[in-house]
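J.: This one is entry20.txt, compact mmCIF, C-alpha atoms and all ligand atoms.
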```txt
# COMPACT_ATOMS: atom_id res chain seq x y z
CA MET S 1 -40.72 -44.46 91.05
CA PRO S 2 -42.51 -41.89 93.31
CA ALA S 3 -46.31 -42.20 93.52
CA ARG S 4 -48.04 -40.52 90.60
CA LYS S 5 -50.06 -37.49 91.56
CA PRO S 6 -53.76 -37.27 90.70
CA ILE S 7 -54.92 -35.25 87.68
CA VAL S 8 -58.38 -33.67 87.77
CA ILE S 9 -60.31 -33.18 84.53
CA ASP S 10 -62.91 -30.40 84.29
CA LEU S 11 -63.62 -29.81 80.60
CA LYS S 12 -66.98 -28.52 79.43
CA PHE S 13 -66.50 -30.18 76.06
CA GLU S 14 -68.83 -32.80 74.61
CA ARG S 15 -68.83 -35.54 77.22
CA SER S 16 -68.58 -38.45 74.78
CA GLN S 17 -65.41 -36.92 73.29
CA VAL S 18 -63.80 -36.50 76.70
CA ASP S 19 -64.79 -40.05 77.73
CA ALA S 20 -63.40 -41.53 74.51
CA ALA S 21 -60.13 -39.62 74.84
CA LEU S 22 -59.76 -40.47 78.53
CA ALA S 23 -60.09 -44.19 77.79
CA ASN S 24 -56.57 -44.11 76.30
CA ALA S 25 -54.99 -41.20 78.16
CA PHE S 26 -52.73 -40.72 81.19
CA SER S 27 -51.87 -44.40 81.45
CA GLY S 28 -50.63 -45.11 84.95
CA TRP S 29 -51.80 -41.75 86.31
CA PRO S 30 -54.79 -41.44 88.63
CA VAL S 31 -57.49 -39.39 86.88
CA LEU S 32 -60.35 -37.74 88.77
CA ARG S 33 -63.47 -36.27 87.15
CA ALA S 34 -64.63 -32.97 88.65
CA SER S 35 -68.09 -33.73 87.25
CA ASP S 36 -68.47 -36.31 90.04
CA PRO S 37 -69.51 -34.12 93.01
CA ASP S 38 -68.57 -36.81 95.55
CA VAL S 39 -64.99 -37.41 94.45
CA ASP S 40 -62.31 -36.03 96.78
CA LEU S 41 -60.06 -33.65 94.80
CA SER S 42 -57.89 -32.56 97.71
CA GLU S 43 -54.93 -34.68 96.51
CA ALA S 44 -55.12 -33.52 92.88
CA ARG S 45 -51.92 -31.78 91.74
CA TYR S 46 -52.73 -31.14 88.07
CA ALA S 47 -55.92 -29.90 86.44
CA VAL S 48 -56.94 -29.92 82.78
CA ILE S 49 -59.70 -27.33 82.51
CA TRP S 50 -62.07 -25.50 80.19
CA LYS S 51 -64.85 -23.44 81.76
CA PRO S 52 -64.48 -25.34 85.08
CA ASP S 53 -67.03 -25.41 87.89
CA GLN S 54 -67.00 -22.35 90.16
CA ASN S 55 -65.91 -24.43 93.14
CA LEU S 56 -63.08 -26.38 91.47
CA PHE S 57 -60.26 -24.48 93.16
CA ARG S 58 -61.91 -24.84 96.58
CA ARG S 59 -62.34 -28.59 96.04
CA ALA S 60 -58.76 -28.93 94.71
CA PRO S 61 -56.64 -26.60 96.90
CA ASN S 62 -53.30 -28.36 96.26
CA LEU S 63 -52.91 -27.92 92.50
CA GLU S 64 -49.41 -27.29 91.11
CA VAL S 65 -50.14 -26.70 87.41
CA LEU S 66 -53.23 -25.84 85.34
CA PHE S 67 -53.58 -26.97 81.73
CA SER S 68 -55.86 -24.92 79.50
CA GLY S 69 -58.17 -26.91 77.23
CA GLY S 70 -57.57 -24.33 74.50
CA ALA S 71 -54.91 -22.03 73.08
CA GLY S 72 -56.69 -18.98 74.52
CA VAL S 73 -56.66 -18.46 78.27
CA ASP S 74 -58.89 -15.39 78.67
CA HIS S 75 -61.60 -17.59 80.24
CA ILE S 76 -59.11 -18.96 82.76
CA LEU S 77 -57.43 -15.71 83.78
CA THR S 78 -60.78 -14.26 84.83
CA LEU S 79 -61.85 -17.25 86.97
CA PRO S 80 -62.67 -16.45 90.60
CA ASP S 81 -60.23 -17.93 93.17
CA LEU S 82 -57.67 -18.71 90.45
CA PRO S 83 -54.58 -20.03 92.29
CA ASP S 84 -51.19 -18.44 91.64
CA ILE S 85 -49.67 -21.45 89.85
CA PRO S 86 -48.37 -21.91 86.29
CA ILE S 87 -50.99 -22.11 83.53
CA VAL S 88 -49.96 -24.06 80.42
CA ARG S 89 -51.63 -23.15 77.11
CA PHE S 90 -52.64 -25.84 74.63
CA VAL S 91 -50.24 -25.74 71.69
CA ASP S 92 -50.43 -28.56 69.20
CA ASP S 93 -49.86 -29.17 65.49
CA SER S 94 -53.44 -30.35 64.98
CA LEU S 95 -54.79 -27.06 66.35
CA THR S 96 -52.32 -24.95 64.38
CA THR S 97 -52.91 -26.80 61.12
CA ARG S 98 -56.67 -26.55 61.33
CA MET S 99 -56.54 -22.85 62.12
CA SER S 100 -54.35 -22.22 59.08
CA GLU S 101 -56.76 -24.24 56.93
CA TRP S 102 -59.62 -21.99 58.08
CA VAL S 103 -57.65 -18.78 57.53
CA VAL S 104 -56.46 -19.77 54.04
CA LEU S 105 -59.99 -20.94 53.17
CA GLN S 106 -61.46 -17.56 54.17
CA ALA S 107 -58.79 -15.54 52.37
CA LEU S 108 -59.30 -17.57 49.19
CA SER S 109 -63.10 -17.41 49.55
CA HIS S 110 -63.02 -13.61 49.49
CA LEU S 111 -60.33 -13.51 46.78
CA ARG S 112 -62.39 -15.85 44.56
CA GLN S 113 -65.70 -14.18 45.51
CA VAL S 114 -67.31 -17.33 46.86
CA PRO S 115 -70.18 -15.46 48.63
CA ALA S 116 -71.09 -13.67 45.37
CA TYR S 117 -70.88 -16.88 43.32
CA LEU S 118 -73.04 -18.77 45.84
CA LYS S 119 -75.64 -16.03 45.59
CA GLN S 120 -75.52 -16.22 41.77
CA GLN S 121 -75.83 -20.00 41.95
CA ARG S 122 -79.00 -19.76 44.05
CA GLU S 123 -80.37 -17.28 41.50
CA ARG S 124 -79.28 -19.51 38.55
CA GLN S 125 -77.14 -16.71 37.17
CA TRP S 126 -74.22 -17.51 34.85
CA ARG S 127 -71.97 -14.47 35.18
CA GLU S 128 -68.20 -14.30 35.45
CA LEU S 129 -66.85 -11.85 38.02
CA SER S 130 -63.55 -10.01 37.71
CA GLN S 131 -60.72 -11.93 39.29
CA PRO S 132 -57.54 -10.54 40.88
CA GLU S 133 -54.72 -12.91 41.80
CA ALA S 134 -53.48 -13.56 45.32
CA LYS S 135 -50.27 -11.70 44.55
CA ASP S 136 -52.31 -8.54 43.92
CA LEU S 137 -53.43 -8.48 47.56
CA THR S 138 -51.69 -7.89 50.86
CA VAL S 139 -52.94 -9.91 53.80
CA GLY S 140 -52.06 -8.40 57.17
CA VAL S 141 -52.02 -10.85 60.08
CA MET S 142 -52.55 -9.31 63.53
CA GLY S 143 -50.99 -11.63 66.12
CA LEU S 144 -47.89 -13.53 65.08
CA GLY S 145 -47.91 -16.24 67.72
CA VAL S 146 -48.08 -19.96 67.12
CA LEU S 147 -51.26 -19.66 65.03
CA GLY S 148 -50.57 -16.34 63.32
CA GLN S 149 -47.11 -17.38 62.11
CA ASP S 150 -48.31 -20.65 60.63
CA SER S 151 -51.26 -18.95 58.92
CA ALA S 152 -48.95 -16.23 57.57
CA ARG S 153 -46.61 -18.83 56.05
CA LYS S 154 -49.47 -20.76 54.46
CA LEU S 155 -51.07 -17.59 53.05
CA LYS S 156 -47.68 -16.79 51.55
CA ILE S 157 -47.52 -20.25 49.93
CA MET S 158 -50.87 -19.48 48.28
CA GLY S 159 -49.28 -16.42 46.69
CA PHE S 160 -50.58 -13.56 48.83
CA ASN S 161 -48.26 -10.76 49.91
CA VAL S 162 -48.24 -11.24 53.64
CA ILE S 163 -47.32 -8.78 56.38
CA GLY S 164 -47.68 -9.23 60.13
CA TRP S 165 -48.08 -7.25 63.33
CA SER S 166 -47.36 -8.28 66.91
CA ARG S 167 -46.39 -6.67 70.20
CA SER S 168 -42.73 -7.53 69.68
CA ARG S 169 -41.36 -7.69 66.14
CA LYS S 170 -40.93 -11.15 64.64
CA ALA S 171 -38.50 -12.31 61.97
CA ILE S 172 -40.30 -14.58 59.48
CA ASP S 173 -38.78 -15.45 56.10
CA GLY S 174 -40.45 -13.59 53.25
CA ILE S 175 -42.89 -11.74 55.49
CA GLU S 176 -42.54 -8.09 56.43
CA THR S 177 -43.31 -7.59 60.10
CA PHE S 178 -44.34 -4.64 62.24
CA ASP S 179 -44.22 -4.13 65.99
CA GLY S 180 -46.88 -2.81 68.34
CA ALA S 181 -45.97 0.84 67.72
CA GLU S 182 -46.26 0.46 63.93
CA LEU S 183 -49.94 -0.32 63.67
CA ASP S 184 -50.74 2.57 61.32
CA ALA S 185 -48.03 1.62 58.82
CA PHE S 186 -49.23 -2.00 58.94
CA LEU S 187 -52.93 -1.17 58.47
CA SER S 188 -52.34 1.27 55.61
CA ARG S 189 -50.82 -1.61 53.61
CA THR S 190 -53.47 -4.20 54.45
CA ASP S 191 -56.21 -5.30 52.01
CA MET S 192 -57.27 -8.35 54.02
CA LEU S 193 -56.95 -8.24 57.78
CA VAL S 194 -56.63 -11.50 59.71
CA GLY S 195 -57.14 -11.35 63.49
CA LEU S 196 -55.35 -14.03 65.49
CA LEU S 197 -54.90 -12.10 68.72
CA PRO S 198 -55.57 -13.36 72.23
CA LEU S 199 -58.20 -11.47 74.24
CA THR S 200 -56.44 -9.28 76.81
CA PRO S 201 -57.19 -5.84 78.28
CA ASP S 202 -55.05 -4.39 75.44
CA THR S 203 -56.79 -6.23 72.61
CA ARG S 204 -60.39 -5.92 73.84
CA GLY S 205 -62.34 -3.97 71.21
CA ILE S 206 -59.24 -3.37 69.07
CA PHE S 207 -61.14 -4.14 65.83
CA ASP S 208 -63.33 -1.05 65.79
CA ALA S 209 -64.46 1.66 63.38
CA ALA S 210 -61.26 3.66 63.83
CA LEU S 211 -59.11 0.65 62.96
CA PHE S 212 -61.20 -0.36 59.93
CA SER S 213 -60.97 3.21 58.58
CA ARG S 214 -57.16 2.91 58.54
CA LEU S 215 -57.10 -0.16 56.28
CA ARG S 216 -56.11 0.34 52.63
CA GLN S 217 -58.99 1.26 50.36
CA GLY S 218 -58.83 0.76 46.59
CA GLY S 219 -56.81 -2.46 46.58
CA ALA S 220 -57.37 -5.28 44.10
CA LEU S 221 -60.71 -6.17 45.77
CA ALA S 222 -61.59 -2.44 46.02
CA ARG S 223 -62.49 -2.65 49.72
CA PRO S 224 -60.75 -4.34 52.63
CA VAL S 225 -61.89 -7.64 54.13
CA PHE S 226 -61.87 -8.50 57.85
CA ILE S 227 -61.23 -12.11 58.96
CA ASN S 228 -61.26 -12.89 62.69
CA ALA S 229 -60.66 -16.18 64.51
CA GLY S 230 -58.94 -14.81 67.63
CA ARG S 231 -61.61 -13.83 70.13
CA GLY S 232 -64.94 -12.07 69.70
CA GLY S 233 -64.20 -9.66 72.54
CA SER S 234 -61.54 -8.09 70.31
CA GLN S 235 -64.14 -6.94 67.77
CA VAL S 236 -66.78 -4.23 68.17
CA GLU S 237 -69.54 -6.00 66.29
CA ALA S 238 -71.69 -2.89 65.81
CA ASP S 239 -68.67 -1.28 64.11
CA VAL S 240 -68.10 -4.36 61.92
CA VAL S 241 -71.74 -4.20 60.76
CA ALA S 242 -71.59 -0.42 60.20
CA ALA S 243 -68.31 -0.73 58.26
CA LEU S 244 -69.82 -3.44 56.04
CA GLU S 245 -72.97 -1.38 55.47
CA SER S 246 -71.08 1.80 54.62
CA GLY S 247 -68.52 0.06 52.41
CA VAL S 248 -65.52 0.74 54.66
CA LEU S 249 -65.27 -3.07 54.64
CA GLY S 250 -66.11 -5.13 51.56
CA GLY S 251 -66.53 -8.46 53.36
CA ALA S 252 -65.83 -10.41 56.50
CA SER S 253 -65.30 -13.94 57.80
CA LEU S 254 -65.99 -14.30 61.50
CA ASP S 255 -65.53 -17.39 63.66
CA VAL S 256 -65.71 -15.60 67.02
CA PHE S 257 -68.25 -13.17 68.42
CA GLU S 258 -68.79 -10.83 71.34
CA LYS S 259 -71.61 -13.11 72.45
CA GLU S 260 -71.56 -16.81 71.55
CA PRO S 261 -73.67 -18.37 70.19
CA LEU S 262 -74.15 -15.37 67.88
CA PRO S 263 -77.68 -14.07 68.72
CA THR S 264 -80.22 -14.99 66.05
CA ASP S 265 -81.11 -11.31 65.55
CA SER S 266 -77.53 -10.30 64.67
CA PRO S 267 -77.46 -8.63 61.22
CA LEU S 268 -74.23 -10.56 60.52
CA TRP S 269 -76.21 -13.73 59.81
CA ARG S 270 -77.88 -12.15 56.81
CA MET S 271 -75.16 -9.99 55.28
CA GLU S 272 -74.24 -11.13 51.79
CA ASN S 273 -70.47 -10.82 51.95
CA VAL S 274 -70.11 -12.23 55.46
CA ILE S 275 -69.12 -15.80 56.26
CA VAL S 276 -70.06 -16.94 59.77
CA THR S 277 -68.69 -20.09 61.41
CA PRO S 278 -69.59 -21.12 64.99
CA HIS S 279 -66.25 -20.79 66.82
CA ALA S 280 -65.15 -23.84 64.91
CA ALA S 281 -62.04 -22.62 63.09
CA SER S 282 -59.91 -24.92 65.18
CA ALA S 283 -61.45 -26.90 68.02
CA SER S 284 -59.11 -28.59 70.48
CA ASP S 285 -58.55 -32.28 69.79
CA VAL S 286 -59.10 -33.77 73.24
CA ARG S 287 -56.74 -36.72 72.62
CA ALA S 288 -53.96 -34.33 71.65
CA LEU S 289 -54.79 -32.15 74.66
CA PHE S 290 -54.35 -35.08 77.05
CA ARG S 291 -51.15 -36.25 75.30
CA ASN S 292 -49.78 -32.75 75.64
CA ALA S 293 -50.74 -32.44 79.32
CA GLN S 294 -49.17 -35.80 80.11
CA ALA S 295 -45.90 -34.84 78.37
CA GLN S 296 -45.78 -31.58 80.31
CA ILE S 297 -46.57 -33.31 83.61
CA GLU S 298 -43.73 -35.76 82.98
CA ARG S 299 -41.36 -32.85 82.29
CA HIS S 300 -42.49 -31.12 85.47
CA GLU S 301 -42.02 -34.28 87.55
CA LYS S 302 -38.47 -34.62 86.19
CA GLY S 303 -37.74 -31.04 87.24
CA GLU S 304 -37.68 -29.74 83.64
CA PRO S 305 -39.35 -26.40 82.84
CA LEU S 306 -42.94 -26.43 81.60
CA GLN S 307 -43.51 -25.21 78.04
CA ASN S 308 -46.05 -22.68 76.74
CA VAL S 309 -46.61 -21.15 80.15
CA VAL S 310 -48.95 -18.14 80.18
CA ASP S 311 -47.48 -14.75 81.04
CA ARG S 312 -50.13 -13.58 83.49
CA ARG S 313 -49.09 -9.96 83.34
CA ALA S 314 -49.39 -9.83 79.53
CA GLY S 315 -52.63 -11.86 79.74
CA TYR S 316 -51.74 -14.57 77.20
N1 LIG I 1 -61.36 -19.65 66.81
C1 LIG I 1 -60.76 -20.73 67.26
O1 LIG I 1 -61.18 -21.86 67.01
C2 LIG I 1 -59.49 -20.57 68.05
C3 LIG I 1 -58.70 -21.70 68.30
C4 LIG I 1 -57.51 -21.54 68.99
C5 LIG I 1 -57.10 -20.27 69.38
N2 LIG I 1 -57.89 -19.19 69.12
C6 LIG I 1 -57.45 -17.84 69.52
O2 LIG I 1 -56.22 -17.53 68.87
C7 LIG I 1 -55.41 -16.80 69.78
C8 LIG I 1 -53.96 -16.82 69.36
O3 LIG I 1 -53.41 -18.11 69.60
P1 LIG I 1 -51.83 -18.37 69.54
O4 LIG I 1 -51.60 -19.76 69.95
O5 LIG I 1 -51.28 -17.92 68.24
O6 LIG I 1 -51.34 -17.35 70.68
P2 LIG I 1 -49.85 -16.86 71.02
O7 LIG I 1 -48.87 -17.84 70.49
O8 LIG I 1 -49.86 -16.51 72.45
O9 LIG I 1 -49.70 -15.52 70.13
C9 LIG I 1 -50.36 -14.34 70.40
C10 LIG I 1 -49.85 -13.28 69.45
O10 LIG I 1 -50.60 -12.07 69.66
C11 LIG I 1 -49.67 -11.00 69.89
N3 LIG I 1 -50.25 -10.02 70.81
C12 LIG I 1 -50.81 -10.22 72.01
N4 LIG I 1 -51.21 -9.04 72.55
C13 LIG I 1 -50.87 -8.10 71.66
C14 LIG I 1 -51.01 -6.70 71.64
N5 LIG I 1 -51.58 -6.02 72.65
N6 LIG I 1 -50.52 -6.02 70.57
C15 LIG I 1 -49.95 -6.68 69.54
N7 LIG I 1 -49.78 -8.02 69.50
C16 LIG I 1 -50.25 -8.72 70.55
C17 LIG I 1 -48.46 -11.65 70.51
O11 LIG I 1 -47.36 -10.76 70.39
P3 LIG I 1 -45.88 -11.22 70.84
O12 LIG I 1 -45.44 -12.23 69.79
O13 LIG I 1 -45.07 -9.98 70.79
O14 LIG I 1 -46.02 -11.84 72.19
C18 LIG I 1 -48.35 -12.93 69.68
O15 LIG I 1 -47.73 -12.66 68.46
C19 LIG I 1 -55.71 -17.47 71.12
O16 LIG I 1 -55.40 -16.61 72.20
C20 LIG I 1 -57.18 -17.73 71.02
O17 LIG I 1 -57.91 -16.63 71.54
C21 LIG I 1 -59.07 -19.31 68.46
```
Would you encode the structure as C-alpha cells?

T.:
Amino acid sequence: MPARKPIVIDLKFERSQVDAALANAFSGWPVLRASDPDVDLSEARYAVIWKPDQNLFRRAPNLEVLFSGGAGVDHILTLPDLPDIPIVRFVDDSLTTRMSEWVVLQALSHLRQVPAYLKQQRERQWRELSQPEAKDLTVGVMGLGVLGQDSARKLKIMGFNVIGWSRSRKAIDGIETFDGAELDAFLSRTDMLVGLLPLTPDTRGIFDAALFSRLRQGGALARPVFINAGRGGSQVEADVVAALESGVLGGASLDVFEKEPLPTDSPLWRMENVIVTPHAASASDVRALFRNAQAQIERHEKGEPLQNVVDRRAGY
C-alpha cells in the first residue's frame, strides 16, 4: 500500500470535542494539528478546516483537498491565499436530521403559539388562544439542498402544505417547487418562510423589507412568520425588526445573525414573538466530520471522484 499522506486539522471548535473525536479517527493516517506552531505541515495533503489560522495555506502549500467543518463554505471561500483545489462540504445524516428537528420545532412553535403561551404562563394567565391546524398553513422553504429538502419533507409529514424555492427547480413528491425566476409566485403563497440558503453574493441580504412585504398576509396565523437557519448575512436584521414592529411579520425564529454572537443591544432579544437560538440549529458532529473526511480521502486515493464538492463559481 502506498504511504498514507498527512492530514492537517485546523478546526476552531471546542478543543475537548476535537481531541475526543481525533482519539478514534483516521486510524492509520498521519494527523497533524495546525494548533502546534512548530509542526511541519509541508507534507500535508488534506486539511479539515473551520476558521483556520491565517497562515495555514502558507504552512501547508501542498494540499490536494480541503474539507469544510460545516455544510456552509462562505467562511472558506473568502479566506486569503485559498488554494485552487477541491473543497468538500460536510454532508451527513446527523447534521441533516438535527436541522430538520429545529425547523419543525420552530414551525410548530409558531403554529401552536408557544411564545404567547410562555408569556401567559409567566403571568399566570389561563387563556386559550385560537388554534389553526398545520394544514391551514403553507410553509415556503427557500433553499432546497440537502437540508432544505429534508426539512420540507418533515414539515409535510407534520401536515403543513409545503412549497419550495431554489435556483434550479427540484422535483420532490408532494411538494410544489419554484425556480429562481418564480420568487414572487412562491412568496405570495407563503405563510411561514424557512430560510435554508447558503451565503453567496446572490443571497446576501435577500431577506429584506421588500421580500417580507411580498409574503402572504391574512393566512391562518394572520401574519407571516420568518424562520432562518441558513446564514445571518442573508437577512437584513434592521428590516426583520421593522417588519416585526410594523406587523408585516407576525413572528420569527432566528438561529443565525449578521453579527454573531448577536449583540446584547439587539432588539431581537426582547421581542415577544421572536425565538433566538445561538447558531445551534445543527452543529457539526466532529466524529461524523472525521468519518466523512476519511471516507472521501479513501475515495480520492482510489481515483474515485470526491462527493459534495463546492461549486466555486456558484459560491456553495
Ligand atoms: N444554522 C446552522 O446550524 C447550520 C448548519 C448547517 C448548515 N447551515 C446553512 O445551511 C445552508 C444550506 O445547507 P445545504 O447543505 O442544504 O446546502 P446545499 O445542499 O448546497 O443547498 C443549497 C440550496 O440553496 C439553493 N440556492 C443557492 N443559491 C441560491 C440562489 N441564489 N437562489 C435560489 N436558490 C439558491 C440551491 O439551489 P440549487 O438546488 O438550484 O443548487 C440549493 O437548493 C448552508 O450553506 C449553511 O449556510 C446552517

J.: Leaving out region 175-189 of chain S and any residue of its chain fewer than 4 positions from it, which residues lie within 6 Å of it when counting all atoms listed in the file, given as a list in words?

T.: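 Result of the neighbour search: Val162, Ile163, Gly164, Trp165, Ser166, Arg167, Ser168, Arg169, Arg214, Leu215 and Arg216 of chain S.
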
J.: Have a look at S:Thr190, S:Ser130, S:Thr277, S:Thr138 and name the one nearest to ligand LIG 1 (chain I); count only C-alpha atoms and all ligand atoms.

T.: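 Going through S:Thr190, S:Ser130, S:Thr277, S:Thr138 one by one, the smallest distance to ligand LIG 1 (chain I) is for S:Thr277.
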
J.: What lies within 6 Å of Ser282 (chain S) using all atoms listed in the file, ignoring chain neighbours under 5 positions off, as an mmCIF file with C-alpha atoms, in the frame of the given file?

T.:
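What landed in selection-v3.cif:
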```
data_model
loop_
_atom_site.group_PDB
_atom_site.id
_atom_site.type_symbol
_atom_site.label_atom_id
_atom_site.label_comp_id
_atom_site.auth_asym_id
_atom_site.auth_seq_id
_atom_site.Cartn_x
_atom_site.Cartn_y
_atom_site.Cartn_z
ATOM 1 C CA LEU S 95 -54.790 -27.060 66.350
ATOM 2 C CA ARG S 98 -56.670 -26.550 61.330
ATOM 3 C CA MET S 99 -56.540 -22.850 62.120
#
```

J.: With all atoms of ligand LIG 1 (chain I) from the file as input, state the centre and edge lengths in Å to one decimal of the axis-aligned box that has 8 Å extra on each side, as lines of an AutoDock Vina configuration file.

T.:
```
center_x = -53.2
center_y = -13.9
center_z = 69.7
size_x = 32.3
size_y = 31.8
size_z = 21.8
```

J.: Let me have all residues with an atom within 7 Å of ligand LIG 1 (chain I), counting all atoms listed in the file, laid out as a PDB file with C-alpha atoms, in the frame of the given file.

T.:
```
ATOM      1  CA  GLY S  70     -57.570 -24.330  74.500  1.00  0.00           C
ATOM      2  CA  ALA S  71     -54.910 -22.030  73.080  1.00  0.00           C
ATOM      3  CA  GLY S  72     -56.690 -18.980  74.520  1.00  0.00           C
ATOM      4  CA  VAL S  73     -56.660 -18.460  78.270  1.00  0.00           C
ATOM      5  CA  VAL S  91     -50.240 -25.740  71.690  1.00  0.00           C
ATOM      6  CA  LEU S  95     -54.790 -27.060  66.350  1.00  0.00           C
ATOM      7  CA  MET S  99     -56.540 -22.850  62.120  1.00  0.00           C
ATOM      8  CA  MET S 142     -52.550  -9.310  63.530  1.00  0.00           C
ATOM      9  CA  GLY S 143     -50.990 -11.630  66.120  1.00  0.00           C
ATOM     10  CA  LEU S 144     -47.890 -13.530  65.080  1.00  0.00           C
ATOM     11  CA  GLY S 145     -47.910 -16.240  67.720  1.00  0.00           C
ATOM     12  CA  VAL S 146     -48.080 -19.960  67.120  1.00  0.00           C
ATOM     13  CA  LEU S 147     -51.260 -19.660  65.030  1.00  0.00           C
ATOM     14  CA  GLY S 148     -50.570 -16.340  63.320  1.00  0.00           C
ATOM     15  CA  TRP S 165     -48.080  -7.250  63.330  1.00  0.00           C
ATOM     16  CA  SER S 166     -47.360  -8.280  66.910  1.00  0.00           C
ATOM     17  CA  ARG S 167     -46.390  -6.670  70.200  1.00  0.00           C
ATOM     18  CA  SER S 168     -42.730  -7.530  69.680  1.00  0.00           C
ATOM     19  CA  ARG S 169     -41.360  -7.690  66.140  1.00  0.00           C
ATOM     20  CA  LYS S 170     -40.930 -11.150  64.640  1.00  0.00           C
ATOM     21  CA  GLY S 180     -46.880  -2.810  68.340  1.00  0.00           C
ATOM     22  CA  LEU S 196     -55.350 -14.030  65.490  1.00  0.00           C
ATOM     23  CA  LEU S 197     -54.900 -12.100  68.720  1.00  0.00           C
ATOM     24  CA  PRO S 198     -55.570 -13.360  72.230  1.00  0.00           C
ATOM     25  CA  LEU S 199     -58.200 -11.470  74.240  1.00  0.00           C
ATOM     26  CA  THR S 200     -56.440  -9.280  76.810  1.00  0.00           C
ATOM     27  CA  ASP S 202     -55.050  -4.390  75.440  1.00  0.00           C
ATOM     28  CA  THR S 203     -56.790  -6.230  72.610  1.00  0.00           C
ATOM     29  CA  ALA S 229     -60.660 -16.180  64.510  1.00  0.00           C
ATOM     30  CA  GLY S 230     -58.940 -14.810  67.630  1.00  0.00           C
ATOM     31  CA  ARG S 231     -61.610 -13.830  70.130  1.00  0.00           C
ATOM     32  CA  ASP S 255     -65.530 -17.390  63.660  1.00  0.00           C
ATOM     33  CA  VAL S 256     -65.710 -15.600  67.020  1.00  0.00           C
ATOM     34  CA  HIS S 279     -66.250 -20.790  66.820  1.00  0.00           C
ATOM     35  CA  ALA S 280     -65.150 -23.840  64.910  1.00  0.00           C
ATOM     36  CA  ALA S 281     -62.040 -22.620  63.090  1.00  0.00           C
ATOM     37  CA  SER S 282     -59.910 -24.920  65.180  1.00  0.00           C
ATOM     38  CA  ALA S 283     -61.450 -26.900  68.020  1.00  0.00           C
ATOM     39  CA  TYR S 316     -51.740 -14.570  77.200  1.00  0.00           C
TER      40      TYR S 316
END
```

J.: Between S:Leu254, S:Val8, S:Leu306, S:Leu118, which residue has the minimum interatomic distance to Ser42 (chain S), considering only C-alpha atoms?

T.: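 Of the candidates, the smallest distance to Ser42 (chain S) is held by S:Val8.
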
J.: So which residues fall inside 10 Å of (-39.9, -17.3, 57.1) if we count all atoms listed in the file? Mind giving them as JSON, numbers by chain?

T.: {"S": [149, 150, 152, 153, 156, 170, 171, 172, 173, 174, 175, 176]}

J.: From the set S:Leu111, S:Ala47, S:Ile87, S:Val248, which residue has the shortest atom-to-atom contact distance to Gln217 (chain S), counting all atoms listed in the file?

T.: S:Val248

J.: Rounded to one decimal, what separation in Å do you get between CA of Ile49 (chain S) and CA of Gly205 (chain S)?

T.: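 These atoms are spaced 26.1 Å apart.
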
J.: For CA of Leu244 (chain S) and CA of Arg122 (chain S), quote the distance in Å rounded to one decimal.

T.: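 About the pair CA of Leu244 (chain S) and CA of Arg122 (chain S): they are 22.2 Å apart.
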
J.: For a quick check of your reading of the model, name the residues lying within 7 Å of the coordinate (-62.5, -0.3, 57.9), counting only C-alpha atoms, and write them as a ChimeraX atom specification.

T.: /S:209,211-215,224,243,248-249

J.: Which residues come within 12 Å of Leu262 (chain S), counting all atoms listed in the file, excluding same-chain residues fewer than 3 positions away, as a list of chain:residue names?

T.: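 Listing them by chain and then by number gives S:Gly232, S:Glu237, S:Leu254, S:Asp255, S:Val256, S:Phe257, S:Glu258, S:Lys259, S:Asp265, S:Ser266, S:Pro267, S:Leu268, S:Trp269, S:Val276, S:Thr277, S:Pro278, S:His279.
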
J.: Output the selection as a CSV table (one decimal), keeping the file's coordinate frame - C-alpha atoms for each residue.

T.:
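The result, written out as selection06.csv:
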```csv
chain,number,residue,atom,x,y,z
S,232,GLY,CA,-64.9,-12.1,69.7
S,237,GLU,CA,-69.5,-6.0,66.3
S,254,LEU,CA,-66.0,-14.3,61.5
S,255,ASP,CA,-65.5,-17.4,63.7
S,256,VAL,CA,-65.7,-15.6,67.0
S,257,PHE,CA,-68.2,-13.2,68.4
S,258,GLU,CA,-68.8,-10.8,71.3
S,259,LYS,CA,-71.6,-13.1,72.4
S,265,ASP,CA,-81.1,-11.3,65.6
S,266,SER,CA,-77.5,-10.3,64.7
S,267,PRO,CA,-77.5,-8.6,61.2
S,268,LEU,CA,-74.2,-10.6,60.5
S,269,TRP,CA,-76.2,-13.7,59.8
S,276,VAL,CA,-70.1,-16.9,59.8
S,277,THR,CA,-68.7,-20.1,61.4
S,278,PRO,CA,-69.6,-21.1,65.0
S,279,HIS,CA,-66.2,-20.8,66.8
```

J.: Find, counting all atoms listed in the file, the residue in S:Val274, S:Val65, S:Val31, S:Val139 that gets nearest to Arg299 (chain S).

T.: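 With all atoms listed in the file as the atom set, the closest residue is S:Val65.
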
J.: For Gly219 (chain S), which residue out of S:Asp19, S:Asp239, S:Asp136, S:Asp36 is the nearest one, using only C-alpha atoms?

T.: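 Among the listed residues, S:Asp136 lies closest to Gly219 (chain S).
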
J.: Please output region 113-118 of chain S, rebuilt to include N, CA and C atoms, as a compact mmCIF listing (two decimals), in the frame of the given file.

T.:
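And here's out_39.txt as it stands now:
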```txt
# COMPACT_ATOMS: atom_id res chain seq x y z
N GLN S 113 -64.31 -14.67 45.47
CA GLN S 113 -65.70 -14.18 45.51
C GLN S 113 -66.72 -15.30 45.71
N VAL S 114 -66.40 -16.20 46.60
CA VAL S 114 -67.31 -17.33 46.86
C VAL S 114 -68.70 -16.85 47.31
N PRO S 115 -68.81 -15.87 48.25
CA PRO S 115 -70.18 -15.46 48.63
C PRO S 115 -70.99 -14.97 47.43
N ALA S 116 -70.36 -14.20 46.53
CA ALA S 116 -71.09 -13.67 45.37
C ALA S 116 -71.48 -14.80 44.41
N TYR S 117 -70.55 -15.77 44.22
CA TYR S 117 -70.88 -16.88 43.32
C TYR S 117 -71.98 -17.77 43.91
N LEU S 118 -71.97 -17.94 45.24
CA LEU S 118 -73.04 -18.77 45.84
C LEU S 118 -74.40 -18.09 45.67
```
